[in-house]
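Coordinates from input.tsv are shown below (TSV, C-alpha atoms and all ligand atoms).
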```tsv
chain	number	residue	atom	x	y	z
A	16	MET	CA	0.00	0.00	0.00
A	17	ARG	CA	1.38	3.38	-1.05
A	18	ALA	CA	1.79	6.36	1.27
A	19	GLU	CA	-0.65	8.34	-0.90
A	20	GLU	CA	-3.38	5.79	-0.10
A	21	LEU	CA	-2.47	5.48	3.56
A	22	ALA	CA	-2.10	9.14	4.52
A	23	PRO	CA	-5.83	10.02	4.25
A	24	ARG	CA	-6.48	7.38	6.91
A	25	TYR	CA	-4.36	9.44	9.32
A	26	ALA	CA	-6.15	12.73	8.71
A	27	ARG	CA	-6.34	13.71	12.38
A	28	PHE	CA	-2.56	13.54	12.72
A	29	GLY	CA	-2.22	15.46	9.47
A	30	VAL	CA	0.58	13.19	8.27
A	31	GLY	CA	0.31	14.37	4.67
A	32	SER	CA	1.22	17.93	5.55
A	33	ARG	CA	3.71	17.44	8.39
A	34	LEU	CA	7.23	16.04	8.36
A	35	LEU	CA	6.93	13.53	11.22
A	36	LEU	CA	10.28	11.75	11.17
A	37	THR	CA	9.87	10.37	14.67
A	38	GLY	CA	8.33	7.09	13.53
A	39	HIS	CA	10.85	5.06	15.56
A	40	SER	CA	9.59	6.74	18.72
A	41	HIS	CA	5.86	7.19	18.15
A	42	GLN	CA	4.02	6.89	14.86
A	43	ALA	CA	0.77	8.66	14.12
A	44	TRP	CA	-2.43	6.85	15.07
A	45	PRO	CA	-4.86	6.01	12.28
A	46	ASP	CA	-8.19	7.81	12.56
A	47	VAL	CA	-9.94	4.56	13.54
A	48	ALA	CA	-8.00	4.67	16.83
A	49	LEU	CA	-10.56	7.21	17.98
A	50	GLU	CA	-13.33	4.63	17.55
A	51	GLY	CA	-11.51	2.51	20.14
A	52	GLN	CA	-11.23	5.40	22.57
A	53	ILE	CA	-14.93	6.20	22.21
A	54	ALA	CA	-15.90	2.54	22.64
A	55	ALA	CA	-13.93	2.49	25.90
A	56	PHE	CA	-15.91	5.45	27.18
A	57	ASP	CA	-19.21	4.01	25.96
A	58	ASP	CA	-18.59	0.65	27.63
A	59	ALA	CA	-17.69	2.36	30.90
A	60	ALA	CA	-20.82	4.51	30.75
A	61	LEU	CA	-23.09	1.65	29.75
A	62	ALA	CA	-21.80	-1.22	31.83
A	63	VAL	CA	-20.21	0.66	34.74
A	64	ASP	CA	-18.22	-1.89	36.76
A	65	GLU	CA	-19.41	-4.69	34.49
A	66	LYS	CA	-17.26	-3.14	31.80
A	67	TRP	CA	-14.31	-5.31	32.84
A	68	SER	CA	-15.46	-8.38	30.91
A	69	ARG	CA	-15.52	-6.18	27.79
A	70	ALA	CA	-12.17	-4.64	28.68
A	71	PHE	CA	-10.65	-8.09	29.19
A	72	ALA	CA	-11.89	-9.11	25.75
A	73	LYS	CA	-9.97	-6.13	24.31
A	74	ALA	CA	-6.91	-7.15	26.32
A	75	ASP	CA	-7.21	-10.65	24.82
A	76	ARG	CA	-7.34	-9.12	21.34
A	77	VAL	CA	-4.19	-7.15	22.12
A	78	ARG	CA	-2.45	-10.28	23.46
A	79	ALA	CA	-3.38	-12.17	20.31
A	80	GLY	CA	-2.06	-9.27	18.23
A	81	PHE	CA	1.32	-9.25	19.93
A	82	ALA	CA	1.49	-13.05	19.73
A	83	SER	CA	0.84	-12.82	16.03
A	84	TRP	CA	3.58	-10.20	15.54
A	85	LEU	CA	5.91	-12.62	17.30
A	86	GLY	CA	4.73	-15.44	15.03
A	87	GLU	CA	3.62	-17.40	18.09
A	88	PRO	CA	-0.16	-17.73	18.24
A	89	GLY	CA	-1.13	-18.90	21.70
A	90	ALA	CA	1.96	-17.47	23.42
A	91	ASP	CA	1.62	-16.44	27.05
A	92	ILE	CA	1.56	-12.64	26.96
A	93	ALA	CA	1.42	-10.43	30.05
A	94	LEU	CA	0.37	-6.83	29.40
A	95	GLY	CA	1.61	-3.66	31.06
A	96	ALA	CA	1.40	0.09	30.60
A	97	ASN	CA	5.12	0.28	29.82
A	98	THR	CA	8.08	-2.05	29.53
A	99	HIS	CA	9.45	-0.80	32.85
A	100	GLU	CA	6.69	-2.31	34.93
A	101	LEU	CA	7.05	-5.63	33.10
A	102	VAL	CA	10.85	-5.63	33.48
A	103	VAL	CA	10.44	-4.94	37.20
A	104	ARG	CA	8.03	-7.86	37.55
A	105	PHE	CA	10.51	-10.01	35.64
A	106	LEU	CA	13.45	-8.92	37.82
A	107	SER	CA	11.37	-9.60	40.92
A	108	ALA	CA	10.92	-13.21	39.80
A	109	VAL	CA	14.57	-14.12	39.18
A	110	ASP	CA	16.99	-15.33	41.81
A	111	LEU	CA	18.94	-12.14	42.50
A	112	THR	CA	19.97	-13.33	45.95
A	113	GLY	CA	21.46	-16.64	44.89
A	114	ARG	CA	22.80	-15.24	41.60
A	115	PRO	CA	23.68	-11.59	42.19
A	116	LYS	CA	25.01	-10.85	38.70
A	117	LEU	CA	23.18	-9.37	35.70
A	118	VAL	CA	24.70	-9.13	32.24
A	119	THR	CA	23.62	-6.40	29.85
A	120	THR	CA	25.08	-3.98	27.28
A	121	ASP	CA	26.02	-0.32	27.32
A	122	GLY	CA	23.54	0.26	24.49
A	123	GLU	CA	20.28	-0.39	26.33
A	124	PHE	CA	17.36	2.00	26.47
A	125	HIS	CA	17.01	4.07	29.67
A	126	THR	CA	14.41	1.73	31.14
A	127	LEU	CA	17.04	-0.99	31.59
A	128	ARG	CA	20.02	1.33	31.97
A	129	ARG	CA	18.55	3.21	34.88
A	130	GLN	CA	16.84	0.35	36.70
A	131	LEU	CA	19.87	-1.91	36.46
A	132	GLY	CA	22.14	0.98	37.43
A	133	ARG	CA	20.12	1.54	40.59
A	134	LEU	CA	20.15	-2.17	41.44
A	135	ALA	CA	23.91	-2.11	41.05
A	136	GLU	CA	24.09	0.47	43.84
A	137	GLU	CA	22.62	-2.16	46.14
A	138	PHE	CA	23.46	-5.84	46.03
A	139	VAL	CA	23.65	-6.80	42.35
A	140	ARG	CA	26.73	-6.74	40.15
A	141	ILE	CA	26.03	-5.51	36.63
A	142	VAL	CA	28.32	-6.43	33.77
A	143	ARG	CA	27.82	-3.96	30.90
A	144	VAL	CA	29.27	-5.41	27.72
A	145	PRO	CA	30.09	-2.76	25.06
A	146	ALA	CA	27.35	-2.92	22.42
A	147	GLU	CA	29.89	-2.24	19.64
A	148	PRO	CA	30.98	-4.02	17.58
A	149	VAL	CA	27.50	-5.43	17.29
A	150	ALA	CA	28.63	-8.36	15.13
A	151	THR	CA	30.33	-9.97	18.13
A	152	LEU	CA	27.94	-8.73	20.82
A	153	ALA	CA	26.04	-12.02	21.23
A	154	GLU	CA	29.30	-13.93	21.59
A	155	ARG	CA	30.65	-11.47	24.15
A	156	LEU	CA	27.42	-11.57	26.16
A	157	ALA	CA	27.43	-15.37	26.11
A	158	SER	CA	31.00	-15.46	27.43
A	159	GLU	CA	29.92	-13.48	30.52
A	160	VAL	CA	27.22	-15.98	31.46
A	161	ASP	CA	28.07	-18.17	34.45
A	162	ASP	CA	26.44	-19.94	37.39
A	163	ARG	CA	26.36	-16.69	39.40
A	164	THR	CA	24.34	-14.89	36.69
A	165	ALA	CA	20.61	-14.38	37.25
A	166	ALA	CA	19.79	-12.90	33.84
A	167	VAL	CA	21.03	-11.40	30.60
A	168	LEU	CA	19.10	-8.36	29.35
A	169	VAL	CA	19.67	-7.16	25.79
A	170	SER	CA	17.90	-5.40	22.92
A	171	ALA	CA	17.13	-7.02	19.60
A	172	VAL	CA	17.73	-3.67	17.85
A	173	LEU	CA	19.84	-0.96	19.53
A	174	PHE	CA	17.86	2.20	20.20
A	175	GLU	CA	20.70	4.65	19.46
A	176	THR	CA	22.25	3.16	16.36
A	177	SER	CA	19.38	1.12	14.88
A	178	ARG	CA	21.73	-1.88	14.54
A	179	ILE	CA	20.08	-5.30	14.67
A	180	VAL	CA	21.84	-7.52	17.22
A	181	PRO	CA	22.62	-10.79	15.43
A	182	GLY	CA	22.93	-14.23	17.05
A	183	LEU	CA	20.70	-13.89	20.12
A	184	ALA	CA	19.98	-17.63	19.93
A	185	ALA	CA	23.63	-18.21	20.94
A	186	VAL	CA	23.08	-16.09	24.06
A	187	ALA	CA	19.95	-18.14	24.77
A	188	ALA	CA	21.94	-21.37	24.46
A	189	ALA	CA	24.61	-20.12	26.90
A	190	CYS	CA	21.85	-19.06	29.30
A	191	GLU	CA	20.23	-22.45	29.11
A	192	ARG	CA	23.52	-24.20	29.92
A	193	HIS	CA	23.84	-22.18	33.12
A	194	GLY	CA	20.18	-21.91	34.17
A	195	VAL	CA	20.17	-18.17	33.44
A	196	GLU	CA	17.17	-16.12	32.29
A	197	LEU	CA	17.37	-14.15	29.03
A	198	LEU	CA	15.25	-11.04	28.52
A	199	VAL	CA	15.17	-9.57	25.00
A	200	ASP	CA	13.86	-6.02	24.48
A	201	ALA	CA	12.21	-6.33	21.07
A	202	TYR	CA	10.57	-2.89	21.05
A	203	HIS	CA	12.38	-1.80	17.88
A	204	THR	CA	11.36	-4.90	15.93
A	205	LEU	CA	7.58	-5.36	15.97
A	206	GLY	CA	5.98	-3.66	13.00
A	207	VAL	CA	9.26	-2.82	11.30
A	208	VAL	CA	11.76	-5.72	11.46
A	209	PRO	CA	10.38	-9.26	11.37
A	210	PHE	CA	11.39	-10.80	14.69
A	211	ASP	CA	12.35	-14.46	14.64
A	212	THR	CA	11.84	-16.20	17.98
A	213	ALA	CA	13.65	-19.36	16.77
A	214	GLY	CA	16.07	-20.42	19.48
A	215	LEU	CA	14.40	-18.00	21.93
A	216	SER	CA	11.58	-20.20	23.23
A	217	ASP	CA	13.02	-20.03	26.77
A	218	ALA	CA	13.63	-16.29	26.64
A	219	TRP	CA	11.43	-13.49	27.96
A	220	ILE	CA	10.51	-11.00	25.25
A	221	VAL	CA	9.44	-7.50	26.13
A	222	GLY	CA	8.20	-4.79	23.78
A	223	GLY	CA	5.31	-2.50	23.04
A	224	GLY	CA	3.11	-0.75	20.55
A	225	TYR	CA	3.79	2.94	21.09
A	226	LYS	CA	6.24	3.09	18.21
A	227	TYR	CA	5.85	1.25	14.90
A	228	LEU	CA	2.54	-0.45	15.72
A	229	GLN	CA	0.75	2.91	16.13
A	230	LEU	CA	-1.13	1.75	19.23
A	231	GLY	CA	-0.44	4.77	21.41
A	232	GLU	CA	0.69	4.65	25.03
A	233	GLY	CA	-0.16	1.99	27.56
A	234	ASN	CA	0.38	-1.01	25.32
A	235	CYS	CA	3.42	-3.06	26.31
A	236	PHE	CA	3.83	-6.80	26.60
A	237	LEU	CA	6.01	-9.49	28.12
A	238	ARG	CA	6.04	-12.83	26.31
A	239	LEU	CA	6.67	-15.50	28.90
A	240	PRO	CA	8.69	-18.66	28.35
A	241	PRO	CA	7.02	-21.93	29.49
A	242	HIS	CA	9.12	-22.14	32.67
A	243	ALA	CA	7.70	-18.78	33.83
A	244	GLN	CA	5.05	-20.95	35.44
A	245	GLU	CA	7.62	-22.06	38.01
A	246	LEU	CA	8.51	-18.52	39.08
A	247	ARG	CA	6.78	-16.40	41.70
A	248	PRO	CA	7.20	-12.67	40.94
A	249	LEU	CA	7.73	-10.71	44.12
A	250	VAL	CA	6.13	-7.63	42.56
A	251	THR	CA	2.63	-8.92	41.95
A	252	GLY	CA	-0.76	-7.29	41.56
A	253	TRP	CA	-4.07	-8.75	42.61
A	254	PHE	CA	-5.10	-9.36	38.99
A	255	ALA	CA	-2.56	-12.23	39.16
A	256	GLU	CA	-4.99	-13.97	41.50
A	257	PHE	CA	-7.73	-14.29	38.92
A	258	ASP	CA	-8.44	-18.01	38.48
A	259	ALA	CA	-5.83	-18.84	41.13
A	260	LEU	CA	-6.83	-21.75	43.32
A	261	ALA	CA	-6.40	-20.75	46.95
A	262	ASP	CA	-4.05	-23.11	48.74
A	263	GLU	CA	-6.30	-24.87	51.25
A	264	ARG	CA	-3.38	-26.04	53.36
A	265	ASP	CA	-1.92	-22.57	53.76
A	266	PRO	CA	-4.31	-19.68	53.16
A	267	THR	CA	-1.47	-17.23	53.85
A	268	LEU	CA	0.41	-18.40	50.78
A	269	VAL	CA	0.21	-16.08	47.76
A	270	ALA	CA	-1.31	-18.02	44.86
A	271	TYR	CA	-0.86	-17.21	41.15
A	272	GLY	CA	-3.28	-17.75	38.29
A	273	PRO	CA	-2.37	-19.78	35.22
A	274	GLY	CA	-0.52	-18.62	32.11
A	275	ALA	CA	0.29	-14.95	31.76
A	276	THR	CA	-2.05	-14.09	34.66
A	277	ARG	CA	0.92	-14.98	36.85
A	278	PHE	CA	2.65	-11.76	35.80
A	279	ALA	CA	-0.41	-9.50	35.92
A	280	GLY	CA	-0.59	-6.16	37.73
A	281	SER	CA	-3.76	-4.56	39.01
A	282	THR	CA	-6.41	-1.98	38.03
A	283	TYR	CA	-5.41	-0.15	34.86
A	284	ASP	CA	-6.90	2.22	32.28
A	285	PRO	CA	-8.35	-0.10	29.61
A	286	THR	CA	-8.72	2.70	27.04
A	287	SER	CA	-5.27	1.88	25.64
A	288	HIS	CA	-6.36	-1.65	24.83
A	289	TYR	CA	-9.57	-0.52	23.13
A	290	ARG	CA	-7.51	1.80	20.94
A	291	ALA	CA	-4.88	-0.88	20.32
A	292	ALA	CA	-7.44	-3.53	19.42
A	293	ARG	CA	-8.98	-1.20	16.84
A	294	VAL	CA	-5.60	-0.31	15.35
A	295	MET	CA	-4.51	-3.95	15.23
A	296	ASP	CA	-7.67	-4.76	13.24
A	297	PHE	CA	-6.86	-1.84	10.92
A	298	PHE	CA	-3.38	-3.27	10.23
A	299	VAL	CA	-4.91	-6.68	9.46
A	300	ASP	CA	-7.59	-5.17	7.18
A	301	LEU	CA	-4.97	-3.23	5.21
A	302	GLY	CA	-2.53	-6.13	5.02
A	303	LEU	CA	0.14	-4.17	6.91
A	304	ASP	CA	2.08	-7.23	8.02
A	305	ALA	CA	5.70	-7.81	9.02
A	306	PRO	CA	7.19	-8.51	5.56
A	307	LEU	CA	5.40	-5.56	3.92
A	308	LEU	CA	6.33	-3.14	6.70
A	309	ARG	CA	9.94	-4.24	6.50
A	310	GLU	CA	9.92	-3.76	2.74
A	311	ILE	CA	8.52	-0.25	3.11
A	312	SER	CA	10.97	0.56	5.90
A	313	LEU	CA	13.99	-0.57	3.87
A	314	LEU	CA	12.87	1.49	0.87
A	315	GLN	CA	12.31	4.56	3.02
A	316	THR	CA	15.50	4.33	5.08
A	317	GLY	CA	17.42	3.54	1.88
A	318	LEU	CA	16.02	6.68	0.26
A	319	ILE	CA	16.98	8.81	3.28
A	320	VAL	CA	20.56	7.47	3.16
A	321	GLU	CA	20.82	7.99	-0.59
A	322	ALA	CA	19.58	11.58	-0.32
A	323	PHE	CA	21.90	12.21	2.62
A	324	ASP	CA	24.89	10.95	0.62
A	325	ALA	CA	23.96	13.24	-2.25
A	326	LEU	CA	24.29	16.22	0.11
A	327	GLY	CA	28.03	15.53	0.39
A	328	LEU	CA	28.24	16.88	3.95
A	329	PRO	CA	31.65	16.73	5.65
A	330	GLU	CA	32.15	13.59	7.75
A	331	SER	CA	33.51	15.77	10.54
A	332	VAL	CA	30.05	17.38	10.86
A	333	ILE	CA	27.69	14.47	10.31
A	334	THR	CA	28.09	10.92	9.15
A	335	LEU	CA	26.48	7.50	9.33
A	336	ASP	CA	27.32	3.83	9.62
A	337	ARG	CA	27.85	2.43	6.10
A	338	ALA	CA	26.88	-1.18	6.85
A	339	ASP	CA	24.20	-2.74	4.61
A	340	ARG	CA	20.72	-1.41	5.46
A	341	VAL	CA	19.47	-4.94	6.12
A	342	GLU	CA	21.61	-4.87	9.26
A	343	PHE	CA	19.56	-1.96	10.62
A	344	GLY	CA	16.12	-1.48	12.06
A	345	GLY	CA	13.48	1.09	11.15
A	346	PHE	CA	15.33	4.38	11.52
A	347	VAL	CA	18.46	6.09	10.27
A	348	ALA	CA	20.92	7.13	12.99
A	349	PHE	CA	23.23	9.93	11.89
A	350	HIS	CA	26.29	10.49	14.01
A	351	ALA	CA	26.97	14.16	14.75
A	352	GLU	CA	28.56	15.91	17.72
A	353	ARG	CA	25.91	18.64	17.32
A	354	ALA	CA	22.99	16.18	17.03
A	355	GLY	CA	20.86	18.02	19.61
A	356	GLU	CA	21.42	21.38	17.92
A	357	PHE	CA	20.54	19.92	14.50
A	358	GLN	CA	17.39	18.37	15.89
A	359	ARG	CA	16.23	21.72	17.31
A	360	ALA	CA	17.06	23.56	14.07
A	361	LEU	CA	15.15	20.92	12.09
A	362	ALA	CA	12.13	21.33	14.37
A	363	GLU	CA	12.18	25.07	13.63
A	364	ARG	CA	11.93	24.13	9.94
A	365	GLY	CA	8.99	21.83	10.64
A	366	VAL	CA	10.95	18.55	10.55
A	367	LEU	CA	10.32	16.49	13.66
A	368	SER	CA	13.20	14.13	14.44
A	369	ASP	CA	14.97	13.33	17.70
A	370	SER	CA	18.45	13.00	19.11
A	371	ARG	CA	20.03	10.62	21.59
A	372	GLY	CA	23.49	11.73	22.68
A	373	SER	CA	25.50	12.22	19.50
A	374	TYR	CA	22.90	10.42	17.35
A	375	LEU	CA	20.31	12.24	15.29
A	376	ARG	CA	17.49	9.83	14.46
A	377	PHE	CA	15.21	9.96	11.40
A	378	GLY	CA	12.36	7.47	11.65
A	379	PRO	CA	10.04	7.28	8.64
A	380	ALA	CA	6.59	5.68	8.66
A	381	PRO	CA	4.56	3.98	5.93
A	382	TYR	CA	2.20	6.94	5.50
A	383	LEU	CA	5.05	9.34	4.54
A	384	ARG	CA	5.60	10.07	0.85
A	385	ASP	CA	9.06	9.89	-0.69
A	386	SER	CA	8.89	13.62	-1.39
A	387	GLN	CA	8.39	14.27	2.34
A	388	LEU	CA	11.46	12.20	3.18
A	389	LEU	CA	13.47	14.12	0.60
A	390	ASP	CA	12.27	17.44	2.02
A	391	ALA	CA	13.38	16.35	5.49
A	392	VAL	CA	16.85	15.41	4.26
A	393	ALA	CA	17.13	18.68	2.34
A	394	ALA	CA	16.36	20.52	5.59
A	395	LEU	CA	19.09	18.51	7.29
A	396	GLY	CA	21.48	19.68	4.58
A	397	GLU	CA	20.56	23.31	5.36
A	398	VAL	CA	21.03	23.02	9.10
A	399	ALA	CA	24.27	21.03	8.87
A	400	ARG	CA	25.78	23.61	6.53
B	1	LIG	C1	14.49	-0.23	23.16
B	1	LIG	C2	13.41	0.45	23.93
B	1	LIG	N1	12.82	-0.20	24.96
B	1	LIG	C3	11.84	0.37	25.69
B	1	LIG	C4	11.39	1.64	25.40
B	1	LIG	C5	10.27	2.22	26.19
B	1	LIG	O1	10.39	1.92	27.56
B	1	LIG	P1	9.18	2.13	28.56
B	1	LIG	O2	8.02	1.36	28.01
B	1	LIG	O3	9.68	1.56	29.84
B	1	LIG	O4	8.91	3.58	28.66
B	1	LIG	C6	11.98	2.35	24.33
B	1	LIG	C7	11.56	3.72	23.92
B	1	LIG	O5	10.64	4.35	24.24
B	1	LIG	C8	13.00	1.74	23.60
B	1	LIG	O6	13.60	2.39	22.59
```

Mind converting the file's structure to structure tokens?
Amino acid sequence: MRAEELAPRYARFGVGSRLLLTGHSHQAWPDVALEGQIAAFDDAALAVDEKWSRAFAKADRVRAGFASWLGEPGADIALGANTHELVVRFLSAVDLTGRPKLVTTDGEFHTLRRQLGRLAEEFVRIVRVPAEPVATLAERLASEVDDRTAAVLVSAVLFETSRIVPGLAAVAAACERHGVELLVDAYHTLGVVPFDTAGLSDAWIVGGGYKYLQLGEGNCFLRLPPHAQELRPLVTGWFAEFDALADERDPTLVAYGPGATRFAGSTYDPTSHYRAARVMDFFVDLGLDAPLLREISLLQTGLIVEAFDALGLPESVITLDRADRVEFGGFVAFHAERAGEFQRALAERGVLSDSRGSYLRFGPAPYLRDSQLLDAVAALGEVAR
């Protein structure tokens, strides 16, 4: 489906007349998303507290949607408002006392960076493996795994550089040998890079729909491995009790429900799921599936790189990693000391991008026309000169 056909379906976000190059952070919501929001209000008004059975049906639709993006229909999916709350529940379930070591990279998003950093101030030792060179990252992570390690936490695509981390199955194999948990942050894959869970059946996969899936906030997931059923998260909400059989021998024991219920939280705003369910149906109706979205993304990021090269800007001012585009995710990460300044100057020219440290990120989206991408790169040429 061409951008010209898609853009009118995003009229409220005005995508046809704005240069929204922040698609890797938050894409526009299709107009039908509003139907979901209104349905959430209507159900609350109509059914009052009985609305929860309807809300849970939406949550089930969202679970099924994430499972389908992972290519694992029937997977156990716990939902959360953000990845942080799911990561915290995960960390609260692993044996940090008996195995006080966590292995991660220095290229993780702030959710992991900060939370693990704070844990390291207490009783846990964090090993931060340099994310670069990414080609050997999996191998270097695997070599840090030992019997004192509780978990390895790593992204499938690095949020600063857009590089896909190859070989995660080898990390999973090392983890399995030592009884270590593996958590993969797949946020930068779903809806833009097909994510292959082969070799990762025992891993925990976290991600969400605020970016490429156009679901808006409040839509994150944790795909549980089968052995999650043996763990008892310390951070646990009362929704995890649904369907739990009370232990008759010891009523003081905290019981957990089956499947993903085990990792549930408690009362939440279901509006996000209504919106997400509607948008997931929209993607299905339009045939916006993983291979097509990857194809569009590669064409768009390829065009941005080509246009950038044609500008002939000095490498000392701004440059980018020349590896094959298939080794990258859904955005182009330019390297520039003045990335923040460029981002602000671009915003003044109506081009919305973002910067992370010395990286300026351009994230296209399927509803953007080629001419819009070219205009954005031309503006970059102006500000960099
Ligand atoms: C790799 C990655 N993980 C997670 C997040 C979001 O984290 P949270 O849901 O905790 O806000 C982002 C960006 O927003 C990200 O880039």

Within 9 Å of ligand LIG 1 (chain B), counting only C-alpha atoms and all ligand atoms, residues as a JSON list (two decimals) with C-alpha atoms, keeping the file's coordinate frame:
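Done, and the output landed in result25.json:
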```json
[["chain", "number", "residue", "atom", "x", "y", "z"],
["A", 39, "HIS", "CA", 10.85, 5.06, 15.56],
["A", 40, "SER", "CA", 9.59, 6.74, 18.72],
["A", 41, "HIS", "CA", 5.86, 7.19, 18.15],
["A", 95, "GLY", "CA", 1.61, -3.66, 31.06],
["A", 96, "ALA", "CA", 1.40, 0.09, 30.60],
["A", 97, "ASN", "CA", 5.12, 0.28, 29.82],
["A", 98, "THR", "CA", 8.08, -2.05, 29.53],
["A", 99, "HIS", "CA", 9.45, -0.80, 32.85],
["A", 100, "GLU", "CA", 6.69, -2.31, 34.93],
["A", 101, "LEU", "CA", 7.05, -5.63, 33.10],
["A", 102, "VAL", "CA", 10.85, -5.63, 33.48],
["A", 123, "GLU", "CA", 20.28, -0.39, 26.33],
["A", 124, "PHE", "CA", 17.36, 2.00, 26.47],
["A", 125, "HIS", "CA", 17.01, 4.07, 29.67],
["A", 126, "THR", "CA", 14.41, 1.73, 31.14],
["A", 127, "LEU", "CA", 17.04, -0.99, 31.59],
["A", 170, "SER", "CA", 17.90, -5.40, 22.92],
["A", 171, "ALA", "CA", 17.13, -7.02, 19.60],
["A", 172, "VAL", "CA", 17.73, -3.67, 17.85],
["A", 173, "LEU", "CA", 19.84, -0.96, 19.53],
["A", 174, "PHE", "CA", 17.86, 2.20, 20.20],
["A", 175, "GLU", "CA", 20.70, 4.65, 19.46],
["A", 200, "ASP", "CA", 13.86, -6.02, 24.48],
["A", 201, "ALA", "CA", 12.21, -6.33, 21.07],
["A", 202, "TYR", "CA", 10.57, -2.89, 21.05],
["A", 203, "HIS", "CA", 12.38, -1.80, 17.88],
["A", 221, "VAL", "CA", 9.44, -7.50, 26.13],
["A", 222, "GLY", "CA", 8.20, -4.79, 23.78],
["A", 223, "GLY", "CA", 5.31, -2.50, 23.04],
["A", 225, "TYR", "CA", 3.79, 2.94, 21.09],
["A", 226, "LYS", "CA", 6.24, 3.09, 18.21],
["A", 232, "GLU", "CA", 0.69, 4.65, 25.03],
["A", 233, "GLY", "CA", -0.16, 1.99, 27.56],
["A", 234, "ASN", "CA", 0.38, -1.01, 25.32],
["A", 235, "CYS", "CA", 3.42, -3.06, 26.31]]
```

Residues within 10 Å of segment 389-400 of chain A, please, as a PDB file with C-alpha atoms, in the coordinates of the input. Count all atoms listed in the file; anything in the same chain fewer than 6 positions from it doesn't count.
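File around_19.pdb, as written:
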```
ATOM      1  CA  LEU A  34       7.230  16.040   8.360  1.00  0.00           C
ATOM      2  CA  LEU A  35       6.930  13.530  11.220  1.00  0.00           C
ATOM      3  CA  LEU A  36      10.280  11.750  11.170  1.00  0.00           C
ATOM      4  CA  GLN A 315      12.310   4.560   3.020  1.00  0.00           C
ATOM      5  CA  LEU A 318      16.020   6.680   0.260  1.00  0.00           C
ATOM      6  CA  ILE A 319      16.980   8.810   3.280  1.00  0.00           C
ATOM      7  CA  VAL A 320      20.560   7.470   3.160  1.00  0.00           C
ATOM      8  CA  GLU A 321      20.820   7.990  -0.590  1.00  0.00           C
ATOM      9  CA  ALA A 322      19.580  11.580  -0.320  1.00  0.00           C
ATOM     10  CA  PHE A 323      21.900  12.210   2.620  1.00  0.00           C
ATOM     11  CA  ASP A 324      24.890  10.950   0.620  1.00  0.00           C
ATOM     12  CA  ALA A 325      23.960  13.240  -2.250  1.00  0.00           C
ATOM     13  CA  LEU A 326      24.290  16.220   0.110  1.00  0.00           C
ATOM     14  CA  GLY A 327      28.030  15.530   0.390  1.00  0.00           C
ATOM     15  CA  LEU A 328      28.240  16.880   3.950  1.00  0.00           C
ATOM     16  CA  PRO A 329      31.650  16.730   5.650  1.00  0.00           C
ATOM     17  CA  VAL A 332      30.050  17.380  10.860  1.00  0.00           C
ATOM     18  CA  ILE A 333      27.690  14.470  10.310  1.00  0.00           C
ATOM     19  CA  ALA A 351      26.970  14.160  14.750  1.00  0.00           C
ATOM     20  CA  ARG A 353      25.910  18.640  17.320  1.00  0.00           C
ATOM     21  CA  ALA A 354      22.990  16.180  17.030  1.00  0.00           C
ATOM     22  CA  GLU A 356      21.420  21.380  17.920  1.00  0.00           C
ATOM     23  CA  PHE A 357      20.540  19.920  14.500  1.00  0.00           C
ATOM     24  CA  GLN A 358      17.390  18.370  15.890  1.00  0.00           C
ATOM     25  CA  ARG A 359      16.230  21.720  17.310  1.00  0.00           C
ATOM     26  CA  ALA A 360      17.060  23.560  14.070  1.00  0.00           C
ATOM     27  CA  LEU A 361      15.150  20.920  12.090  1.00  0.00           C
ATOM     28  CA  ALA A 362      12.130  21.330  14.370  1.00  0.00           C
ATOM     29  CA  ARG A 364      11.930  24.130   9.940  1.00  0.00           C
ATOM     30  CA  GLY A 365       8.990  21.830  10.640  1.00  0.00           C
ATOM     31  CA  VAL A 366      10.950  18.550  10.550  1.00  0.00           C
ATOM     32  CA  LEU A 367      10.320  16.490  13.660  1.00  0.00           C
ATOM     33  CA  SER A 368      13.200  14.130  14.440  1.00  0.00           C
ATOM     34  CA  PHE A 377      15.210   9.960  11.400  1.00  0.00           C
TER      35      PHE A 377
END
```

- Distance of atom CA of Thr164 of chain A from atom CA of Val195 of chain A, expressed in Å to one decimal place: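 According to the coordinates, atom CA of Val195 of chain A and atom CA of Thr164 of chain A are separated by 6.2 Å.
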
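In terms of minimum interatomic distance to Leu237 of chain A, A:Ala279 ranks closest within A:Leu301, A:Ala279, A:Val142, A:Leu307, counting all atoms listed in the file.
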
Return as JSON the box centre and box size in Å, one decimal, for an axis-aligned box around all listed atoms of segment 110-121 of chain A padded by 8 Å per side.
```
{"center_x": 21.5, "center_y": -8.5, "center_z": 36.6, "size_x": 25.0, "size_y": 32.3, "size_z": 34.7}
```

- Between atom CA of Phe278 of chain A and atom CA of Arg104 of chain A, what is the distance, to one decimal in Å? 6.9 Å

- Find the residue from A:Ala218, A:Met16, A:Ala291, A:Leu117 that sits nearest to Val199 of chain A; use all atoms listed in the file when measuring. A:Ala218

- Task: Select all residues near (18.5, 7.6, 12.8) (cut-off 9 Å, inclusive, file coordinates), counting all atoms listed in the file, and output them as an MDAnalysis selection string.
- Result: chainID A and resid 39 175:177 316 335 345:350 368:370 374:378

- Straight-line distance linking atom CA of Pro306 of chain A with atom CA of Leu21 of chain A, stated in Å to one decimal: 17.1 Å

- Item | Non-local contacts of Val180 of chain A (10 Å; all atoms listed in the file; under 3 positions in same chain excluded) as a list in words |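 Within the cut-off, the hits are Ala146, Glu147, Pro148, Val149, Ala150, Thr151, Leu152, Ala153, Val169, Ser170, Ala171, Val172, Leu173, Ser177, Leu183, Glu342, Phe343 and Gly344 of chain A.
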
- Within 9 Å of Tyr382 of chain A, counting only C-alpha atoms, which residues qualify if same-chain residues fewer than 6 places away don't, as a list of chain:residue names?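 The contact residues come out as A:Arg17, A:Ala18, A:Glu19, A:Glu20, A:Leu21, A:Ala22, A:Pro23, A:Arg24, A:Tyr25, A:Val30, A:Gly31, A:Ala43.
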